[in-house]
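> Below is data.cif; it holds mmCIF, C-alpha atoms and all ligand atoms.
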```
data_query
#
loop_
_atom_site.group_PDB
_atom_site.id
_atom_site.type_symbol
_atom_site.label_atom_id
_atom_site.label_comp_id
_atom_site.auth_asym_id
_atom_site.auth_seq_id
_atom_site.Cartn_x
_atom_site.Cartn_y
_atom_site.Cartn_z
ATOM 1 C CA MET A 1 -0.716 17.850 -16.028
ATOM 2 C CA SER A 2 -2.764 18.963 -12.992
ATOM 3 C CA PRO A 3 -4.689 16.128 -11.338
ATOM 4 C CA ARG A 4 -8.406 15.761 -12.165
ATOM 5 C CA ILE A 5 -10.100 12.412 -11.740
ATOM 6 C CA TYR A 6 -13.360 10.599 -11.049
ATOM 7 C CA LEU A 7 -13.609 9.316 -7.467
ATOM 8 C CA ALA A 8 -15.649 6.103 -7.446
ATOM 9 C CA SER A 9 -16.595 6.404 -3.783
ATOM 10 C CA ARG A 10 -19.333 7.742 -1.549
ATOM 11 C CA SER A 11 -16.954 7.814 1.436
ATOM 12 C CA PRO A 12 -16.567 11.366 2.788
ATOM 13 C CA ARG A 13 -13.185 10.315 4.250
ATOM 14 C CA ARG A 14 -11.793 9.455 0.823
ATOM 15 C CA ALA A 15 -12.995 12.788 -0.578
ATOM 16 C CA GLU A 16 -11.381 14.634 2.344
ATOM 17 C CA LEU A 17 -8.043 12.824 1.888
ATOM 18 C CA LEU A 18 -7.966 13.515 -1.863
ATOM 19 C CA GLN A 19 -8.658 17.198 -1.210
ATOM 20 C CA GLN A 20 -5.746 17.153 1.222
ATOM 21 C CA ILE A 21 -3.330 16.402 -1.657
ATOM 22 C CA GLY A 22 -4.861 18.904 -4.054
ATOM 23 C CA VAL A 23 -6.543 16.454 -6.423
ATOM 24 C CA GLU A 24 -9.736 17.698 -8.082
ATOM 25 C CA PHE A 25 -12.431 15.086 -8.542
ATOM 26 C CA VAL A 26 -15.978 14.309 -9.603
ATOM 27 C CA VAL A 27 -17.746 11.709 -7.441
ATOM 28 C CA LEU A 28 -19.340 8.629 -9.034
ATOM 29 C CA PRO A 29 -21.375 6.034 -7.095
ATOM 30 C CA SER A 30 -19.673 2.633 -6.954
ATOM 31 C CA ASP A 31 -22.329 0.123 -5.956
ATOM 32 C CA ILE A 32 -21.044 -3.412 -6.318
ATOM 33 C CA ASP A 33 -21.666 -6.702 -4.535
ATOM 34 C CA GLU A 34 -19.176 -6.752 -1.631
ATOM 35 C CA SER A 35 -19.600 -10.447 -0.668
ATOM 36 C CA VAL A 36 -16.418 -12.255 0.354
ATOM 37 C CA TYR A 37 -15.521 -15.391 -1.651
ATOM 38 C CA ASN A 38 -15.093 -18.653 0.198
ATOM 39 C CA ALA A 39 -11.646 -18.761 1.905
ATOM 40 C CA GLU A 40 -10.640 -15.451 0.258
ATOM 41 C CA ALA A 41 -7.718 -13.707 2.022
ATOM 42 C CA ALA A 42 -8.390 -10.137 3.228
ATOM 43 C CA ALA A 43 -5.719 -8.560 0.992
ATOM 44 C CA ASP A 44 -7.043 -10.411 -2.102
ATOM 45 C CA TYR A 45 -10.576 -9.361 -1.174
ATOM 46 C CA VAL A 46 -9.847 -5.604 -0.987
ATOM 47 C CA LEU A 47 -7.753 -5.730 -4.174
ATOM 48 C CA ARG A 48 -10.585 -7.486 -6.029
ATOM 49 C CA LEU A 49 -13.192 -5.000 -4.758
ATOM 50 C CA ALA A 50 -11.142 -1.862 -5.473
ATOM 51 C CA ARG A 51 -10.436 -3.144 -9.000
ATOM 52 C CA GLU A 52 -14.105 -3.997 -9.559
ATOM 53 C CA LYS A 53 -15.366 -0.617 -8.255
ATOM 54 C CA ALA A 54 -12.980 1.237 -10.585
ATOM 55 C CA LYS A 55 -13.771 -0.984 -13.595
ATOM 56 C CA VAL A 56 -17.557 -0.866 -13.130
ATOM 57 C CA CYS A 57 -17.524 2.938 -12.819
ATOM 58 C CA ALA A 58 -15.181 3.378 -15.783
ATOM 59 C CA GLY A 59 -17.400 1.041 -17.825
ATOM 60 C CA ARG A 60 -20.440 3.275 -17.207
ATOM 61 C CA LEU A 61 -18.708 6.330 -18.697
ATOM 62 C CA THR A 62 -19.314 6.997 -22.383
ATOM 63 C CA ASP A 63 -15.906 8.626 -22.577
ATOM 64 C CA ILE A 64 -13.089 7.933 -20.041
ATOM 65 C CA ASP A 65 -11.866 11.509 -20.216
ATOM 66 C CA MET A 66 -10.272 11.221 -16.735
ATOM 67 C CA PRO A 67 -9.030 8.209 -14.759
ATOM 68 C CA VAL A 68 -11.306 6.607 -12.150
ATOM 69 C CA LEU A 69 -9.976 6.039 -8.620
ATOM 70 C CA ALA A 70 -11.618 3.516 -6.277
ATOM 71 C CA ALA A 71 -10.656 1.989 -2.922
ATOM 72 C CA ASP A 72 -11.737 -0.662 -0.497
ATOM 73 C CA THR A 73 -10.884 -1.073 3.196
ATOM 74 C CA THR A 74 -11.271 -4.031 5.497
ATOM 75 C CA VAL A 75 -10.173 -5.030 8.979
ATOM 76 C CA CYS A 76 -8.652 -8.445 9.554
ATOM 77 C CA LEU A 77 -8.209 -10.172 12.912
ATOM 78 C CA ASP A 78 -6.424 -13.542 12.962
ATOM 79 C CA GLY A 79 -7.341 -14.130 9.326
ATOM 80 C CA CYS A 80 -11.037 -13.212 9.822
ATOM 81 C CA ILE A 81 -12.456 -10.341 7.762
ATOM 82 C CA LEU A 82 -14.455 -7.736 9.686
ATOM 83 C CA GLY A 83 -16.444 -5.526 7.320
ATOM 84 C CA LYS A 84 -18.961 -2.865 8.277
ATOM 85 C CA PRO A 85 -21.201 -3.787 11.220
ATOM 86 C CA GLU A 86 -24.778 -4.743 10.337
ATOM 87 C CA ASN A 87 -26.210 -3.055 13.430
ATOM 88 C CA ASP A 88 -25.191 -1.742 16.850
ATOM 89 C CA ALA A 89 -25.057 -5.231 18.407
ATOM 90 C CA ASP A 90 -22.696 -6.337 15.625
ATOM 91 C CA ALA A 91 -20.567 -3.196 16.178
ATOM 92 C CA TYR A 92 -20.377 -3.994 19.896
ATOM 93 C CA SER A 93 -19.249 -7.560 19.225
ATOM 94 C CA MET A 94 -16.616 -6.460 16.647
ATOM 95 C CA LEU A 95 -15.123 -3.954 19.109
ATOM 96 C CA ALA A 96 -15.142 -6.540 21.917
ATOM 97 C CA THR A 97 -13.262 -8.923 19.598
ATOM 98 C CA LEU A 98 -10.691 -6.277 18.580
ATOM 99 C CA SER A 99 -10.188 -5.074 22.192
ATOM 100 C CA GLY A 100 -6.664 -5.530 23.561
ATOM 101 C CA SER A 101 -5.132 -6.998 20.378
ATOM 102 C CA TRP A 102 -3.310 -6.124 17.201
ATOM 103 C CA HIS A 103 -5.216 -6.411 13.916
ATOM 104 C CA GLU A 104 -4.555 -5.449 10.314
ATOM 105 C CA VAL A 105 -6.293 -2.872 8.157
ATOM 106 C CA HIS A 106 -5.996 -3.496 4.430
ATOM 107 C CA THR A 107 -6.860 -0.776 1.941
ATOM 108 C CA ALA A 108 -6.542 -1.402 -1.779
ATOM 109 C CA ILE A 109 -6.747 1.339 -4.383
ATOM 110 C CA ALA A 110 -7.339 1.026 -8.126
ATOM 111 C CA LEU A 111 -6.941 3.543 -10.935
ATOM 112 C CA ALA A 112 -8.817 2.695 -14.149
ATOM 113 C CA SER A 113 -8.152 4.573 -17.378
ATOM 114 C CA ASP A 114 -8.044 3.930 -21.127
ATOM 115 C CA ARG A 115 -4.653 2.291 -20.416
ATOM 116 C CA GLY A 116 -6.126 -0.402 -18.107
ATOM 117 C CA VAL A 117 -6.315 -0.751 -14.313
ATOM 118 C CA GLU A 118 -3.412 -0.222 -11.869
ATOM 119 C CA VAL A 119 -3.804 -1.396 -8.266
ATOM 120 C CA SER A 120 -1.883 -0.964 -5.024
ATOM 121 C CA LEU A 121 -2.266 -2.290 -1.476
ATOM 122 C CA SER A 122 -1.583 -0.696 1.911
ATOM 123 C CA THR A 123 -1.528 -2.853 5.049
ATOM 124 C CA THR A 124 -1.296 -1.359 8.541
ATOM 125 C CA ARG A 125 -1.043 -3.085 11.931
ATOM 126 C CA VAL A 126 -3.244 -1.485 14.569
ATOM 127 C CA LYS A 127 -3.240 -2.083 18.343
ATOM 128 C CA MET A 128 -6.587 -1.457 19.988
ATOM 129 C CA ALA A 129 -6.589 -0.722 23.708
ATOM 130 C CA SER A 130 -8.370 -3.053 26.130
ATOM 131 C CA LEU A 131 -11.915 -1.745 26.198
ATOM 132 C CA GLY A 132 -14.404 -2.253 29.003
ATOM 133 C CA HIS A 133 -18.141 -2.683 28.501
ATOM 134 C CA ASP A 134 -18.949 0.989 29.250
ATOM 135 C CA VAL A 135 -16.371 2.318 26.772
ATOM 136 C CA ILE A 136 -17.623 0.064 23.978
ATOM 137 C CA ALA A 137 -21.280 0.799 24.762
ATOM 138 C CA ALA A 138 -20.653 4.579 24.762
ATOM 139 C CA TYR A 139 -18.708 4.414 21.501
ATOM 140 C CA VAL A 140 -21.409 2.342 19.800
ATOM 141 C CA ALA A 141 -24.044 4.812 21.069
ATOM 142 C CA SER A 142 -22.109 7.664 19.402
ATOM 143 C CA GLY A 143 -23.118 6.167 16.023
ATOM 144 C CA GLU A 144 -19.582 6.480 14.652
ATOM 145 C CA PRO A 145 -18.997 2.724 14.108
ATOM 146 C CA ARG A 146 -21.986 2.310 11.749
ATOM 147 C CA ASP A 147 -20.468 2.855 8.305
ATOM 148 C CA LYS A 148 -16.891 1.786 9.091
ATOM 149 C CA ALA A 149 -14.993 -1.437 8.560
ATOM 150 C CA GLY A 150 -14.177 -3.007 11.955
ATOM 151 C CA ALA A 151 -16.726 -0.660 13.609
ATOM 152 C CA TYR A 152 -14.320 2.210 14.349
ATOM 153 C CA GLY A 153 -12.960 5.357 12.758
ATOM 154 C CA ILE A 154 -9.368 6.227 13.650
ATOM 155 C CA GLN A 155 -9.982 9.809 12.463
ATOM 156 C CA GLY A 156 -12.834 10.390 14.932
ATOM 157 C CA LEU A 157 -13.661 9.494 18.516
ATOM 158 C CA GLY A 158 -12.311 6.056 17.598
ATOM 159 C CA GLY A 159 -8.822 7.561 17.695
ATOM 160 C CA THR A 160 -9.057 7.395 21.499
ATOM 161 C CA LEU A 161 -9.302 3.589 21.307
ATOM 162 C CA ILE A 162 -6.112 3.078 19.275
ATOM 163 C CA GLU A 163 -2.827 2.667 21.161
ATOM 164 C CA ARG A 164 -0.407 2.278 18.232
ATOM 165 C CA ILE A 165 -0.241 1.830 14.514
ATOM 166 C CA GLU A 166 2.522 0.517 12.267
ATOM 167 C CA GLY A 167 1.836 1.636 8.721
ATOM 168 C CA SER A 168 -0.324 4.272 7.094
ATOM 169 C CA TYR A 169 -2.797 6.469 8.997
ATOM 170 C CA SER A 170 -4.488 7.571 5.756
ATOM 171 C CA GLY A 171 -4.637 3.889 4.713
ATOM 172 C CA VAL A 172 -6.570 3.029 7.875
ATOM 173 C CA MET A 173 -8.878 5.983 7.187
ATOM 174 C CA GLY A 174 -9.654 4.594 3.730
ATOM 175 C CA LEU A 175 -7.236 6.107 1.189
ATOM 176 C CA PRO A 176 -3.455 5.568 1.558
ATOM 177 C CA LEU A 177 -2.002 8.849 0.322
ATOM 178 C CA PHE A 178 1.521 7.591 -0.442
ATOM 179 C CA GLU A 179 0.238 4.793 -2.713
ATOM 180 C CA THR A 180 -2.424 7.069 -4.216
ATOM 181 C CA ALA A 181 0.220 9.658 -5.151
ATOM 182 C CA VAL A 182 2.369 6.927 -6.743
ATOM 183 C CA LEU A 183 -0.507 5.694 -8.950
ATOM 184 C CA LEU A 184 -1.505 9.233 -9.958
ATOM 185 C CA ARG A 185 2.106 10.138 -10.727
ATOM 186 C CA ASN A 186 2.583 6.955 -12.774
ATOM 187 C CA TYR A 187 -0.451 8.019 -14.789
ATOM 188 C CA GLY A 188 1.269 11.312 -15.564
ATOM 189 C CA PHE A 189 -0.150 13.763 -13.065
ATOM 190 C CA ALA A 190 2.120 16.265 -11.335
ATOM 191 C CA ILE A 191 1.865 15.254 -7.661
ATOM 192 C CA PRO A 192 4.684 16.467 -5.448
ATOM 193 C CA GLY A 193 6.465 13.950 -3.202
ATOM 194 C CA ALA A 194 8.816 10.976 -3.135
ATOM 195 C CA SER A 195 8.621 8.202 -5.737
ATOM 196 C CA ARG A 196 8.912 4.445 -5.249
HETATM 197 C C1 LIG B 1 -10.815 1.155 9.989
HETATM 198 C C2 LIG B 1 -11.497 2.384 9.459
HETATM 199 C C3 LIG B 1 -12.384 2.334 8.404
HETATM 200 N N1 LIG B 1 -12.998 3.470 7.952
HETATM 201 C C4 LIG B 1 -13.951 3.443 6.819
HETATM 202 C C5 LIG B 1 -13.274 3.707 5.459
HETATM 203 C C6 LIG B 1 -14.330 3.216 4.492
HETATM 204 O O1 LIG B 1 -15.179 4.316 4.158
HETATM 205 C C7 LIG B 1 -15.110 2.175 5.293
HETATM 206 C C8 LIG B 1 -14.927 0.813 4.692
HETATM 207 O O2 LIG B 1 -15.869 0.627 3.680
HETATM 208 P P1 LIG B 1 -15.540 0.497 2.130
HETATM 209 O O3 LIG B 1 -16.457 -0.578 1.604
HETATM 210 O O4 LIG B 1 -14.083 0.356 1.905
HETATM 211 O O5 LIG B 1 -15.960 1.901 1.527
HETATM 212 P P2 LIG B 1 -17.356 2.666 1.588
HETATM 213 O O6 LIG B 1 -18.517 1.713 1.392
HETATM 214 O O7 LIG B 1 -17.391 3.505 2.847
HETATM 215 O O8 LIG B 1 -17.249 3.670 0.392
HETATM 216 P P3 LIG B 1 -17.178 3.372 -1.195
HETATM 217 O O9 LIG B 1 -17.342 1.886 -1.455
HETATM 218 O O10 LIG B 1 -18.290 4.189 -1.792
HETATM 219 O O11 LIG B 1 -15.818 3.865 -1.577
HETATM 220 O O12 LIG B 1 -14.580 2.198 6.623
HETATM 221 C C9 LIG B 1 -12.727 4.706 8.527
HETATM 222 O O13 LIG B 1 -13.297 5.733 8.111
HETATM 223 N N2 LIG B 1 -11.830 4.773 9.552
HETATM 224 C C10 LIG B 1 -11.198 3.679 10.064
HETATM 225 O O14 LIG B 1 -10.371 3.824 11.008
#
```
When written as C-alpha cells, how does the structure in this file appear?

Amino acid sequence: MSPRIYLASRSPRRAELLQQIGVEFVVLPSDIDESVYNAEAAADYVLRLAREKAKVCAGRLTDIDMPVLAADTTVCLDGCILGKPENDADAYSMLATLSGSWHEVHTAIALASDRGVEVSLSTTRVKMASLGHDVIAAYVASGEPRDKAGAYGIQGLGGTLIERIEGSYSGVMGLPLFETAVLLRNYGFAIPGASR
C-alpha cells in the first residue's frame, strides 16, 4: 500500500521531511491549546500534544479514509521546557541560556486512524556553542528563531550554532524520520528501511 496520509501540521519543515521519504499527504490545521501542565515533564508534554493534535484532527474528519500524522517538538534545558519565543527579546534570552551547554530536543509523533492512536518519542542531545552577544543579536535579527522551539533552527543558519548532536537530526528539525517510518510501516504502508 503506497503511503498517503493527512499531515496535521502547519510546519513547513515537517512537510519537507515527509516529502523526503516519499509520503504523499494532505495538510490539516492542528490548532490546540499548547499550555504546559504544572510540573509536566518535557517528554510527557510533547507526547500529550502530538496525541491531541492527531486526535483532534482525526475527530474533525467525517470519514478517516487515511491516517492522521501529528508531531510536537520542544527544547528542554535542565528540566525546563523552552517552547517558541514570544518575541525577539525572549528569543535572545533563550539563546543566551542555551549557549555553551547541552540540552535535549524532544519530538513526539502520533498516528491516528480508525484503529486508534500510536505514538513514538525521539530525544536528541544537542550541544550549543558558546555564543557572544553579537552572534545572538545577529541571529535574532535574522528572524529565524521566531517560530521555532528553543529559538533556533538546526536546518538553517542555526546550524552554525550547533557543535554536536547525539540522536536524530530530523527529530530536532521536527519530524524524526526513523520513528515516522516505523509507525507508517506498522500501519501497513510500504516504506523502505530497517524495522525495530
Ligand atoms: C529545535 C528546532 C525546532 N524547530 C521547529 C520544529 C517545529 O515546527 C517548531 C516547534 O513547534 P511545534 O509546536 O512542535 O510545531 P508547529 O507549531 O511549528 O507546527 P504544528 O503544531 O502545526 O505541527 O520548532 C526547527 O524547525 N528546528 C529546530 O532545530
> Identify all residues satisfying the PyMOL selection byres (((chain A and resi 90) around 12) and not hetatm) in the given file; provide them as a PyMOL selection string.
chain A and resi 82-89+91-97+136-137+140+145-151
> Could you list, as a PDB file with C-alpha atoms, keeping the file's coordinate frame, every residue within 12 Å of region 110-117 of chain A, counting all atoms listed in the file and ignoring same-chain residues fewer than 2 positions away?

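Contents of the output file part02.pdb:
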```
ATOM      1  CA  ILE A   5     -10.100  12.412 -11.740  1.00  0.00           C
ATOM      2  CA  TYR A   6     -13.360  10.599 -11.049  1.00  0.00           C
ATOM      3  CA  LEU A   7     -13.609   9.316  -7.467  1.00  0.00           C
ATOM      4  CA  ALA A   8     -15.649   6.103  -7.446  1.00  0.00           C
ATOM      5  CA  SER A   9     -16.595   6.404  -3.783  1.00  0.00           C
ATOM      6  CA  VAL A  46      -9.847  -5.604  -0.987  1.00  0.00           C
ATOM      7  CA  LEU A  47      -7.753  -5.730  -4.174  1.00  0.00           C
ATOM      8  CA  ARG A  48     -10.585  -7.486  -6.029  1.00  0.00           C
ATOM      9  CA  LEU A  49     -13.192  -5.000  -4.758  1.00  0.00           C
ATOM     10  CA  ALA A  50     -11.142  -1.862  -5.473  1.00  0.00           C
ATOM     11  CA  ARG A  51     -10.436  -3.144  -9.000  1.00  0.00           C
ATOM     12  CA  GLU A  52     -14.105  -3.997  -9.559  1.00  0.00           C
ATOM     13  CA  LYS A  53     -15.366  -0.617  -8.255  1.00  0.00           C
ATOM     14  CA  ALA A  54     -12.980   1.237 -10.585  1.00  0.00           C
ATOM     15  CA  LYS A  55     -13.771  -0.984 -13.595  1.00  0.00           C
ATOM     16  CA  VAL A  56     -17.557  -0.866 -13.130  1.00  0.00           C
ATOM     17  CA  CYS A  57     -17.524   2.938 -12.819  1.00  0.00           C
ATOM     18  CA  ALA A  58     -15.181   3.378 -15.783  1.00  0.00           C
ATOM     19  CA  GLY A  59     -17.400   1.041 -17.825  1.00  0.00           C
ATOM     20  CA  LEU A  61     -18.708   6.330 -18.697  1.00  0.00           C
ATOM     21  CA  THR A  62     -19.314   6.997 -22.383  1.00  0.00           C
ATOM     22  CA  ASP A  63     -15.906   8.626 -22.577  1.00  0.00           C
ATOM     23  CA  ILE A  64     -13.089   7.933 -20.041  1.00  0.00           C
ATOM     24  CA  ASP A  65     -11.866  11.509 -20.216  1.00  0.00           C
ATOM     25  CA  MET A  66     -10.272  11.221 -16.735  1.00  0.00           C
ATOM     26  CA  PRO A  67      -9.030   8.209 -14.759  1.00  0.00           C
ATOM     27  CA  VAL A  68     -11.306   6.607 -12.150  1.00  0.00           C
ATOM     28  CA  LEU A  69      -9.976   6.039  -8.620  1.00  0.00           C
ATOM     29  CA  ALA A  70     -11.618   3.516  -6.277  1.00  0.00           C
ATOM     30  CA  ALA A  71     -10.656   1.989  -2.922  1.00  0.00           C
ATOM     31  CA  ASP A  72     -11.737  -0.662  -0.497  1.00  0.00           C
ATOM     32  CA  THR A 107      -6.860  -0.776   1.941  1.00  0.00           C
ATOM     33  CA  ALA A 108      -6.542  -1.402  -1.779  1.00  0.00           C
ATOM     34  CA  VAL A 119      -3.804  -1.396  -8.266  1.00  0.00           C
ATOM     35  CA  SER A 120      -1.883  -0.964  -5.024  1.00  0.00           C
ATOM     36  CA  LEU A 121      -2.266  -2.290  -1.476  1.00  0.00           C
ATOM     37  CA  SER A 122      -1.583  -0.696   1.911  1.00  0.00           C
ATOM     38  CA  LEU A 175      -7.236   6.107   1.189  1.00  0.00           C
ATOM     39  CA  PRO A 176      -3.455   5.568   1.558  1.00  0.00           C
ATOM     40  CA  GLU A 179       0.238   4.793  -2.713  1.00  0.00           C
ATOM     41  CA  THR A 180      -2.424   7.069  -4.216  1.00  0.00           C
ATOM     42  CA  ALA A 181       0.220   9.658  -5.151  1.00  0.00           C
ATOM     43  CA  VAL A 182       2.369   6.927  -6.743  1.00  0.00           C
ATOM     44  CA  LEU A 183      -0.507   5.694  -8.950  1.00  0.00           C
ATOM     45  CA  LEU A 184      -1.505   9.233  -9.958  1.00  0.00           C
ATOM     46  CA  ARG A 185       2.106  10.138 -10.727  1.00  0.00           C
ATOM     47  CA  ASN A 186       2.583   6.955 -12.774  1.00  0.00           C
ATOM     48  CA  TYR A 187      -0.451   8.019 -14.789  1.00  0.00           C
ATOM     49  CA  GLY A 188       1.269  11.312 -15.564  1.00  0.00           C
TER      50      GLY A 188
END
```
> Using all atoms listed in the file, determine which residues lie at most 8 Å from Thr123 (chain A), disregarding the query and same-chain residues fewer than 6 positions distant; provide the list as a list in words.
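Those residues are Glu104, Val105, His106, Thr107, Gly167, Ser168 and Gly171 of chain A.
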> Taking the file as I've supplied it (selection: the PyMOL selection byres (((chain A and resi 25) around 9) and not hetatm)), which residues are included? Please answer as a PyMOL selection string.
chain A and resi 3-7+15+18-19+23-24+26-27
> With distances taken over all atoms listed in the file, which residue among A:Thr160, A:Gln20, A:Ser99, A:Thr74 lies nearest ligand LIG 1 (chain B)?
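Once distances to ligand LIG 1 (chain B) are computed over all atoms listed in the file, the minimum belongs to A:Thr74.
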> Report as AutoDock Vina command-line options the centre and the edge lengths, in Å to one decimal, of the axis-aligned box holding every listed atom of ligand LIG 1 (chain B), padded by 8 Å on each side.

```
--center_x -14.4 --center_y 2.6 --center_z 4.6 --size_x 24.1 --size_y 22.3 --size_z 28.8
```
> Which residues are near region 163-166 of chain A? Cut-off 7 Å, all atoms listed in the file, ignore same chain within fewer than 3 positions. Put them as an MDAnalysis selection string.
chainID A and resid 124:129
> Go ahead and compute the interatomic distance for atom C8 of ligand LIG 1 (chain B) and CA of Ala141 (chain A), in Å to one decimal.
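Distance between the two atoms: 19.2 Å.
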> What gap, in Å, lies between CA of Ser142 (chain A) and atom P1 of ligand LIG 1 (chain B)?
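Interatomic distance, CA of Ser142 (chain A) to atom P1 of ligand LIG 1 (chain B): 19.8 Å.
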> With distances taken over all atoms listed in the file, which residue among A:Ala190, A:Ile21, A:Ile81, A:Leu131 lies nearest ligand LIG 1 (chain B)?
A:Ile81
> Counting only C-alpha atoms and all ligand atoms, which residue out of A:Ser2, A:Ser130, A:Ser11, A:Asn38 sits closest to ligand LIG 1 (chain B)?
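Residue with the minimum atom-to-atom distance to ligand LIG 1 (chain B): A:Ser11.
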> For each of A:Tyr45, A:Leu28, A:Val135, A:Thr73, take the minimum atom-to-atom distance to Ser170 (chain A), counting all atoms listed in the file, then give the residue where this is smallest.
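The closest residue to Ser170 (chain A) is A:Thr73.
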> Find the distance between CA of His103 (chain A) and CA of Leu77 (chain A) and write it in Å to one decimal.
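CA of His103 (chain A) sits 4.9 Å away from CA of Leu77 (chain A).
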> Name the closest residue to ligand LIG 1 (chain B) among the candidates A:Asp33, A:Glu40, A:Glu118, A:Asp134; distances are taken between atoms, counting all atoms listed in the file.
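Smallest separation from ligand LIG 1 (chain B) among the options: A:Asp33.
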> Counting all atoms listed in the file, figure out which residue out of A:Ile191, A:Val36, A:Leu161, A:Gly174 gets nearest to ligand LIG 1 (chain B).
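Using all atoms listed in the file, ligand LIG 1 (chain B) sits closest to A:Gly174.
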